[in-house]
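Trainee: Before we start, here is the structure in question, set down as structure tokens.
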Amino acid sequence: MAIKKSDLYSSLWASCDELRGGMDASQYKDYVLFMLFIKYISDKYGDSDDFAPPVNIPPGASFKDMIALKGKSDIGERINTQIIVPLVASNSRLARSDFPDFDDPNKLGEGAAKVERLTNLVAIFQNPSLDFSKNRAEHDDILGDAYEYLMRHFAQDSGKSKGQFYTPSEVSRVIAKVIGIGSANTRASTTAYDPTCGSGSLLLKVAAEAGKHITLEGQEKDVTTAGLARMNMILHNFPTANILSGNTLAAPKFKDGENLRTYDYVVANPPFSDKTWSTGLTPSNDPYQRFAWGEPPAKQGDYAYLLHIIRSMKGTAKAACILPHGVLFRGNAEATIREQLVRSGILKGIIGLPANLFYGTGIPACILVLDKENATARKGVFMVDASKGFIKDGNKNRLREQDIHKIVDTFMRQADDNPRYARMVPFDEIADPKNAFNLNLPRYIDSAEPEDLQDIDAHLQGGIPERDLDALEDYWRELPSVRVELFEPLRPGYVRLKLALSEVKPAISGHAEFTAFHRSATQHFTDWRQANTPRLTAFDQGGHPKALIEVVSEDLLATFRAVPLLDAYDVYQHLMDYWAGTMQDDAYLIAAEGWVAKPARIVETDKKGKTRDKGWACDLIPKPFIVARYFAEAQAAIEAQQAELETAAAGLAELEEEHGGEDAAFSGFDSITVAAVKDRVREIGADEDGADELKVLKRWLALSERVAGLKKKVREAEAALDQSAYGQYAKLTEAEIKTLVVDDKWMTRLSGDIQGELDRVSQSLTGRIRQLAERYATPLPELNDEVERLAARVGEHFKRMGAVWK
């Protein structure tokens, strides 16, 4: 049985983390990722018949050879000399500095401790599920995603300044999409470059977006991280990518003659505000003329990297760079460069991101999108303020799928239809003396929520301001009669609610216009369901889950764009959340095994090696779906028995409580058990003085017997149902499995999510009406009258007490 993709990742991480001990995560990752690398190349190229395979594995240097070293006293030294050294010697793209020292006692411990740690590390990667010999379609492979998962977790654990080797994949995806790369405009000779490539994740996202093998080049200052990038390229099936080590600003490695090499696409996430950017460099005498627009400040390297990127762009190239927000508004030398940047027309857009997205820093950042094509004809800068679209994820923030999609959609359309989110800002506005080429987004986009103004006249005289109701125009456009039904004129500009507050929600939900809206939105989901069920049921063994979800999710988004009052991106997010939590695992199981649903025993092994059967489970079709479709009557009977049991148990508890006081029937019991009660019954015997107590005790015994009998019945019925459900799996046809998975499991869940969104429409409208009605319910004159009434009552009290109330 195939292991669930999410389980594979989490167990891999848990195992590695457990072995880490006291080692810093930023160091330990090098050992784990090398193990993943050696396992992958051994599976992929170990038995290659290719004349020139991308990676040569010399005899004795494969993962199988590492397994043979388990438990040996010199395992670390032999991994270095028998595995790593021959690999490096046989592959010119690999360097010894790419790989960690497996014999380092400072990191791995000494003697038996080191042997045990390395032996266990090798054992983790012997998991049969980590078989990469049948690697599926490019960018849809278990391995690449496992690497990404481990990198993210190591970055989270690496602490301040040590997590910068990794750009969050969500941000990388935004960058890859907004530069406009795609299969239609790329070929093998298309070039992409990252001057500060870290572990290479950003370059690989660009390659994934291109959808084909393009030419990738990157430079990374940290030698070990450059090694990670080289491994990452091979792991993602880009073995020809060229990653070089060195300081990009002081000693760029990619040159054509004496000039910087130029590229079709450039992407980068440079170190924020690098204070040592000019080390080894004389900016005023730069041989590559990168600083013609001005020299960046000595302690602020952001523009140095940006100018290097611009110099590395071909005449029609596209680029994107992540920089701290300060580059948009800081003065002096940076203001001079910024003005030149804007005047050049190369700056196509700015995307403001949420704070706390990146590892190693919490400051907010932005993406500067550059485009040399038609730069001289450009009329403005397209600005997007996406700072509010994110979800909390532990101690970091993370872009959701809907946030990524909204940013990309908005930027690619260059749409001005949501001025509080994005707008095209003309050069004249940026150059105006009041702005003076300051690009700080709040100058141009007011993304703050409009203030909820209090109406003094309404507080004084009562009534709900029509201005507040007019602000709900989106609702009234779809539900015009609802406004008429809920409100009546009070005086010019003010209305009052016709109904009691408790009647507002039923009046909205039950109104014909809301019913029609509900029906129309539900029909949109039904149409999407009918169009996509055949796509989902046609998915089969060897299929590509990422391609599947892209088609069905894009269709869902397109379908709900036409539905008023709902945010299509919210609907889309429901599907993507469900995909991430459940559906993706299902799709990978189907891709591995086809439409097969076999229950498996859950066997737990304790520390002493004893096993215990904990029942059974089936990931693709959990038991409740089998029960609901095939054994609904049996389940209903159990639920009825359960209800009967709960009633009897409640009666028993009530009896104990009623007679549990001092001198009552149960007052002398340490604990009320059948044996204790029977003993007491025998003690009382025929004693007439104990008749009342006897009656209570016998009633308790009868109730207790009934509870025990019902418990047994429920237990037996549940066991029989469990056995029936278990046996049903073997009888399922492929068509039945598809119905259970697609209709009963996937579509039922998504239908519930859509209904939740529709309920939220009526709840939001009701909530706002309630808020306004309560705010202006009691005008000032009524409050004054109430104060006078209460004052008079207090005065009367004082008078009766002989005091004077003024």
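Starting from 1 in every chain, residues are counted up; chains themselves are A, B, ... following the order of the structure tokens, and ligands are numbered from 1 as listed.
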Using only C-alpha atoms, which protein or nucleic acid residues come within 12 Å of Ile754 in chain A? Drop anything in the same chain fewer than 5 positions from it, and give the result as an MDAnalysis selection string.

Mentor: chainID A and resid 518:519 521:526 528:529 556 560 563 566:568 570:575 747:749 759:761

Trainee: Enumerate as a count of residues only all residues of range 269-425 of chain A assigned to alpha helix (DSSP H) by DSSP on the backbone, naming them with the chain letters and numbers the document uses.

Mentor: 35

Trainee: Within 9 Å of range 533-536 of chain A, counting only C-alpha atoms, which residues show up once you throw out same-chain ones fewer than 2 positions away? Write them as an mmCIF file with N, CA and C atoms, in the first residue's frame, please.

Mentor:
data_model
loop_
_atom_site.group_PDB
_atom_site.id
_atom_site.type_symbol
_atom_site.label_atom_id
_atom_site.label_comp_id
_atom_site.auth_asym_id
_atom_site.auth_seq_id
_atom_site.Cartn_x
_atom_site.Cartn_y
_atom_site.Cartn_z
ATOM 1 N N TRP A 528 -20.505 23.349 -11.990
ATOM 2 C CA TRP A 528 -19.074 23.034 -11.871
ATOM 3 C C TRP A 528 -18.889 21.555 -11.539
ATOM 4 N N ARG A 529 -19.731 21.061 -10.642
ATOM 5 C CA ARG A 529 -19.636 19.657 -10.223
ATOM 6 C C ARG A 529 -19.864 18.727 -11.413
ATOM 7 N N GLN A 530 -20.879 19.034 -12.219
ATOM 8 C CA GLN A 530 -21.186 18.171 -13.371
ATOM 9 C C GLN A 530 -20.071 18.216 -14.410
ATOM 10 N N ALA A 531 -19.439 19.387 -14.553
ATOM 11 C CA ALA A 531 -18.364 19.516 -15.537
ATOM 12 C C ALA A 531 -17.082 18.825 -15.079
ATOM 13 N N ALA A 538 -11.909 10.380 -14.260
ATOM 14 C CA ALA A 538 -11.010 9.915 -15.327
ATOM 15 C C ALA A 538 -9.557 9.877 -14.856
ATOM 16 N N PHE A 539 -9.266 10.572 -13.764
ATOM 17 C CA PHE A 539 -7.904 10.561 -13.202
ATOM 18 C C PHE A 539 -7.574 9.133 -12.786
ATOM 19 N N ASP A 540 -6.353 8.683 -13.062
ATOM 20 C CA ASP A 540 -6.060 7.280 -12.778
ATOM 21 C C ASP A 540 -4.580 7.085 -12.473
ATOM 22 N N LEU A 548 -4.128 17.991 -12.280
ATOM 23 C CA LEU A 548 -5.555 17.804 -12.003
ATOM 24 C C LEU A 548 -6.117 18.965 -11.195
ATOM 25 N N VAL A 551 -6.539 22.345 -13.064
ATOM 26 C CA VAL A 551 -7.691 22.440 -13.977
ATOM 27 C C VAL A 551 -8.987 22.645 -13.202
ATOM 28 N N VAL A 552 -9.238 21.814 -12.185
ATOM 29 C CA VAL A 552 -10.534 21.891 -11.499
ATOM 30 C C VAL A 552 -10.640 23.152 -10.633
ATOM 31 N N LYS A 738 -15.172 5.034 -7.164
ATOM 32 C CA LYS A 738 -15.173 6.405 -7.696
ATOM 33 C C LYS A 738 -16.345 7.213 -7.137
ATOM 34 N N VAL A 742 -15.405 10.462 -5.114
ATOM 35 C CA VAL A 742 -15.693 11.738 -5.778
ATOM 36 C C VAL A 742 -16.994 12.357 -5.267
ATOM 37 N N ASP A 743 -18.065 11.577 -5.227
ATOM 38 C CA ASP A 743 -19.367 12.137 -4.827
ATOM 39 C C ASP A 743 -19.512 12.247 -3.310
ATOM 40 N N MET A 747 -17.051 15.797 -3.142
ATOM 41 C CA MET A 747 -18.084 16.777 -3.514
ATOM 42 C C MET A 747 -18.991 17.144 -2.338
#

Trainee: At a cut-off of 10 Å, using only C-alpha atoms, what residues contact Ala448 in chain A? Leave out same-chain residues fewer than 2 positions from it and give the result as a PyMOL selection string.

Mentor: chain A and resi 388+420-421+442+445-446+450-451

Trainee: Could you pull the residues within 10 Å of Phe238 in chain A, counting only C-alpha atoms, minus those fewer than 2 positions along the same chain, as a VMD selection string?

Mentor: chain A and resid 54 138 204 207 213 to 216 230 to 236 240 to 242

Trainee: Just write the chosen residues, all heavy atoms, as a short mmCIF file (atom, residue, chain, number, x, y, z; two decimals), in the first residue's frame.

Mentor:
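Final output, again38.cif:
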data_model
loop_
_atom_site.label_atom_id
_atom_site.label_comp_id
_atom_site.auth_asym_id
_atom_site.auth_seq_id
_atom_site.Cartn_x
_atom_site.Cartn_y
_atom_site.Cartn_z
N PRO A 54 23.17 12.18 -16.68
CA PRO A 54 23.44 13.48 -16.08
C PRO A 54 24.32 13.39 -14.83
O PRO A 54 25.06 14.30 -14.53
CB PRO A 54 22.04 14.01 -15.73
CG PRO A 54 21.12 13.28 -16.65
CD PRO A 54 21.73 11.94 -16.85
N GLU A 138 7.65 15.86 -14.47
CA GLU A 138 8.44 16.95 -13.92
C GLU A 138 7.54 17.85 -13.07
O GLU A 138 6.40 18.11 -13.42
CB GLU A 138 9.03 17.79 -15.05
CG GLU A 138 10.09 17.04 -15.85
CD GLU A 138 10.44 17.79 -17.11
OE1 GLU A 138 10.53 19.02 -17.05
OE2 GLU A 138 10.60 17.14 -18.14
N LEU A 204 14.05 27.33 -9.51
CA LEU A 204 13.28 26.13 -9.88
C LEU A 204 11.81 26.44 -10.06
O LEU A 204 11.13 25.83 -10.90
CB LEU A 204 13.48 25.02 -8.84
CG LEU A 204 14.83 24.32 -8.95
CD1 LEU A 204 15.13 23.52 -7.70
CD2 LEU A 204 14.89 23.44 -10.19
N ALA A 207 11.54 27.77 -13.48
CA ALA A 207 11.61 26.66 -14.44
C ALA A 207 10.30 25.88 -14.50
O ALA A 207 9.84 25.48 -15.57
CB ALA A 207 12.75 25.72 -14.05
N HIS A 213 12.50 22.39 -20.07
CA HIS A 213 13.89 22.57 -19.64
C HIS A 213 14.47 23.82 -20.28
O HIS A 213 14.70 23.86 -21.49
CB HIS A 213 14.72 21.34 -20.00
CG HIS A 213 14.78 20.35 -18.89
ND1 HIS A 213 13.69 19.56 -18.55
CD2 HIS A 213 15.76 20.05 -18.00
CE1 HIS A 213 14.02 18.81 -17.51
NE2 HIS A 213 15.26 19.08 -17.15
N ILE A 214 14.68 24.85 -19.46
CA ILE A 214 15.33 26.06 -19.94
C ILE A 214 16.73 26.11 -19.31
O ILE A 214 17.09 25.25 -18.52
CB ILE A 214 14.51 27.31 -19.55
CG1 ILE A 214 14.34 27.41 -18.02
CG2 ILE A 214 13.16 27.31 -20.26
CD1 ILE A 214 13.68 28.69 -17.55
N THR A 215 17.51 27.09 -19.68
CA THR A 215 18.88 27.21 -19.16
C THR A 215 18.86 28.00 -17.84
O THR A 215 18.41 29.15 -17.81
CB THR A 215 19.77 27.94 -20.19
OG1 THR A 215 19.75 27.20 -21.41
CG2 THR A 215 21.20 28.05 -19.69
N LEU A 216 19.33 27.35 -16.77
CA LEU A 216 19.33 27.98 -15.45
C LEU A 216 20.76 28.26 -14.99
O LEU A 216 21.62 27.38 -15.09
CB LEU A 216 18.65 27.07 -14.42
CG LEU A 216 17.20 26.65 -14.67
CD1 LEU A 216 16.72 25.76 -13.53
CD2 LEU A 216 16.29 27.86 -14.80
N ARG A 230 23.09 23.06 -5.98
CA ARG A 230 23.47 22.11 -7.03
C ARG A 230 22.72 20.79 -6.86
O ARG A 230 22.25 20.19 -7.82
CB ARG A 230 24.99 21.88 -7.00
CG ARG A 230 25.78 22.94 -7.77
CD ARG A 230 27.26 22.59 -7.85
NE ARG A 230 27.95 22.95 -6.64
CZ ARG A 230 28.51 24.15 -6.42
NH1 ARG A 230 28.46 25.07 -7.35
NH2 ARG A 230 29.13 24.41 -5.28
N MET A 231 22.63 20.33 -5.60
CA MET A 231 21.87 19.08 -5.35
C MET A 231 20.40 19.28 -5.69
O MET A 231 19.76 18.42 -6.30
CB MET A 231 22.02 18.68 -3.88
CG MET A 231 23.37 18.08 -3.54
SD MET A 231 23.36 17.27 -1.92
CE MET A 231 23.37 18.66 -0.82
N ASN A 232 19.87 20.44 -5.30
CA ASN A 232 18.46 20.73 -5.54
C ASN A 232 18.14 20.69 -7.03
O ASN A 232 17.10 20.17 -7.45
CB ASN A 232 18.13 22.12 -4.96
CG ASN A 232 16.66 22.33 -4.71
OD1 ASN A 232 15.85 21.42 -4.89
ND2 ASN A 232 16.31 23.52 -4.28
N MET A 233 19.05 21.22 -7.85
CA MET A 233 18.83 21.21 -9.30
C MET A 233 18.77 19.77 -9.83
O MET A 233 17.91 19.42 -10.64
CB MET A 233 19.96 21.97 -10.01
CG MET A 233 20.00 23.46 -9.71
SD MET A 233 18.52 24.31 -10.25
CE MET A 233 18.49 25.70 -9.13
N ILE A 234 19.68 18.93 -9.35
CA ILE A 234 19.69 17.53 -9.79
C ILE A 234 18.44 16.81 -9.30
O ILE A 234 17.80 16.06 -10.03
CB ILE A 234 20.97 16.83 -9.29
CG1 ILE A 234 22.20 17.44 -9.98
CG2 ILE A 234 20.91 15.32 -9.54
CD1 ILE A 234 23.53 17.01 -9.39
N LEU A 235 18.06 17.09 -8.05
CA LEU A 235 16.88 16.45 -7.47
C LEU A 235 15.61 16.81 -8.24
O LEU A 235 14.66 16.04 -8.29
CB LEU A 235 16.71 16.87 -6.01
CG LEU A 235 17.77 16.38 -5.02
CD1 LEU A 235 17.57 17.02 -3.66
CD2 LEU A 235 17.75 14.89 -4.89
N HIS A 236 15.57 18.01 -8.80
CA HIS A 236 14.39 18.45 -9.55
C HIS A 236 14.55 18.21 -11.04
O HIS A 236 13.85 18.82 -11.86
CB HIS A 236 14.12 19.93 -9.28
CG HIS A 236 13.44 20.18 -7.98
ND1 HIS A 236 14.12 20.22 -6.77
CD2 HIS A 236 12.14 20.39 -7.66
CE1 HIS A 236 13.27 20.45 -5.79
NE2 HIS A 236 12.06 20.55 -6.31
N THR A 240 21.68 19.94 -15.57
CA THR A 240 22.59 20.80 -16.35
C THR A 240 22.60 22.24 -15.85
O THR A 240 23.31 23.08 -16.41
CB THR A 240 22.19 20.78 -17.84
OG1 THR A 240 20.82 21.22 -17.94
CG2 THR A 240 22.31 19.38 -18.42
N ALA A 241 21.80 22.56 -14.83
CA ALA A 241 21.81 23.92 -14.29
C ALA A 241 23.21 24.25 -13.78
O ALA A 241 23.91 23.39 -13.22
CB ALA A 241 20.80 24.04 -13.15
N ASN A 242 23.61 25.50 -13.97
CA ASN A 242 24.98 25.90 -13.61
C ASN A 242 24.94 26.79 -12.37
O ASN A 242 24.48 27.94 -12.44
CB ASN A 242 25.61 26.65 -14.80
CG ASN A 242 27.11 26.71 -14.69
OD1 ASN A 242 27.70 26.14 -13.77
ND2 ASN A 242 27.75 27.40 -15.62
#

Trainee: For CA of Leu758 in chain A and CA of Pro354 in chain A, quote the distance in Å rounded to one decimal.

Mentor: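 Interatomic distance, CA of Leu758 in chain A to CA of Pro354 in chain A: 28.4 Å.
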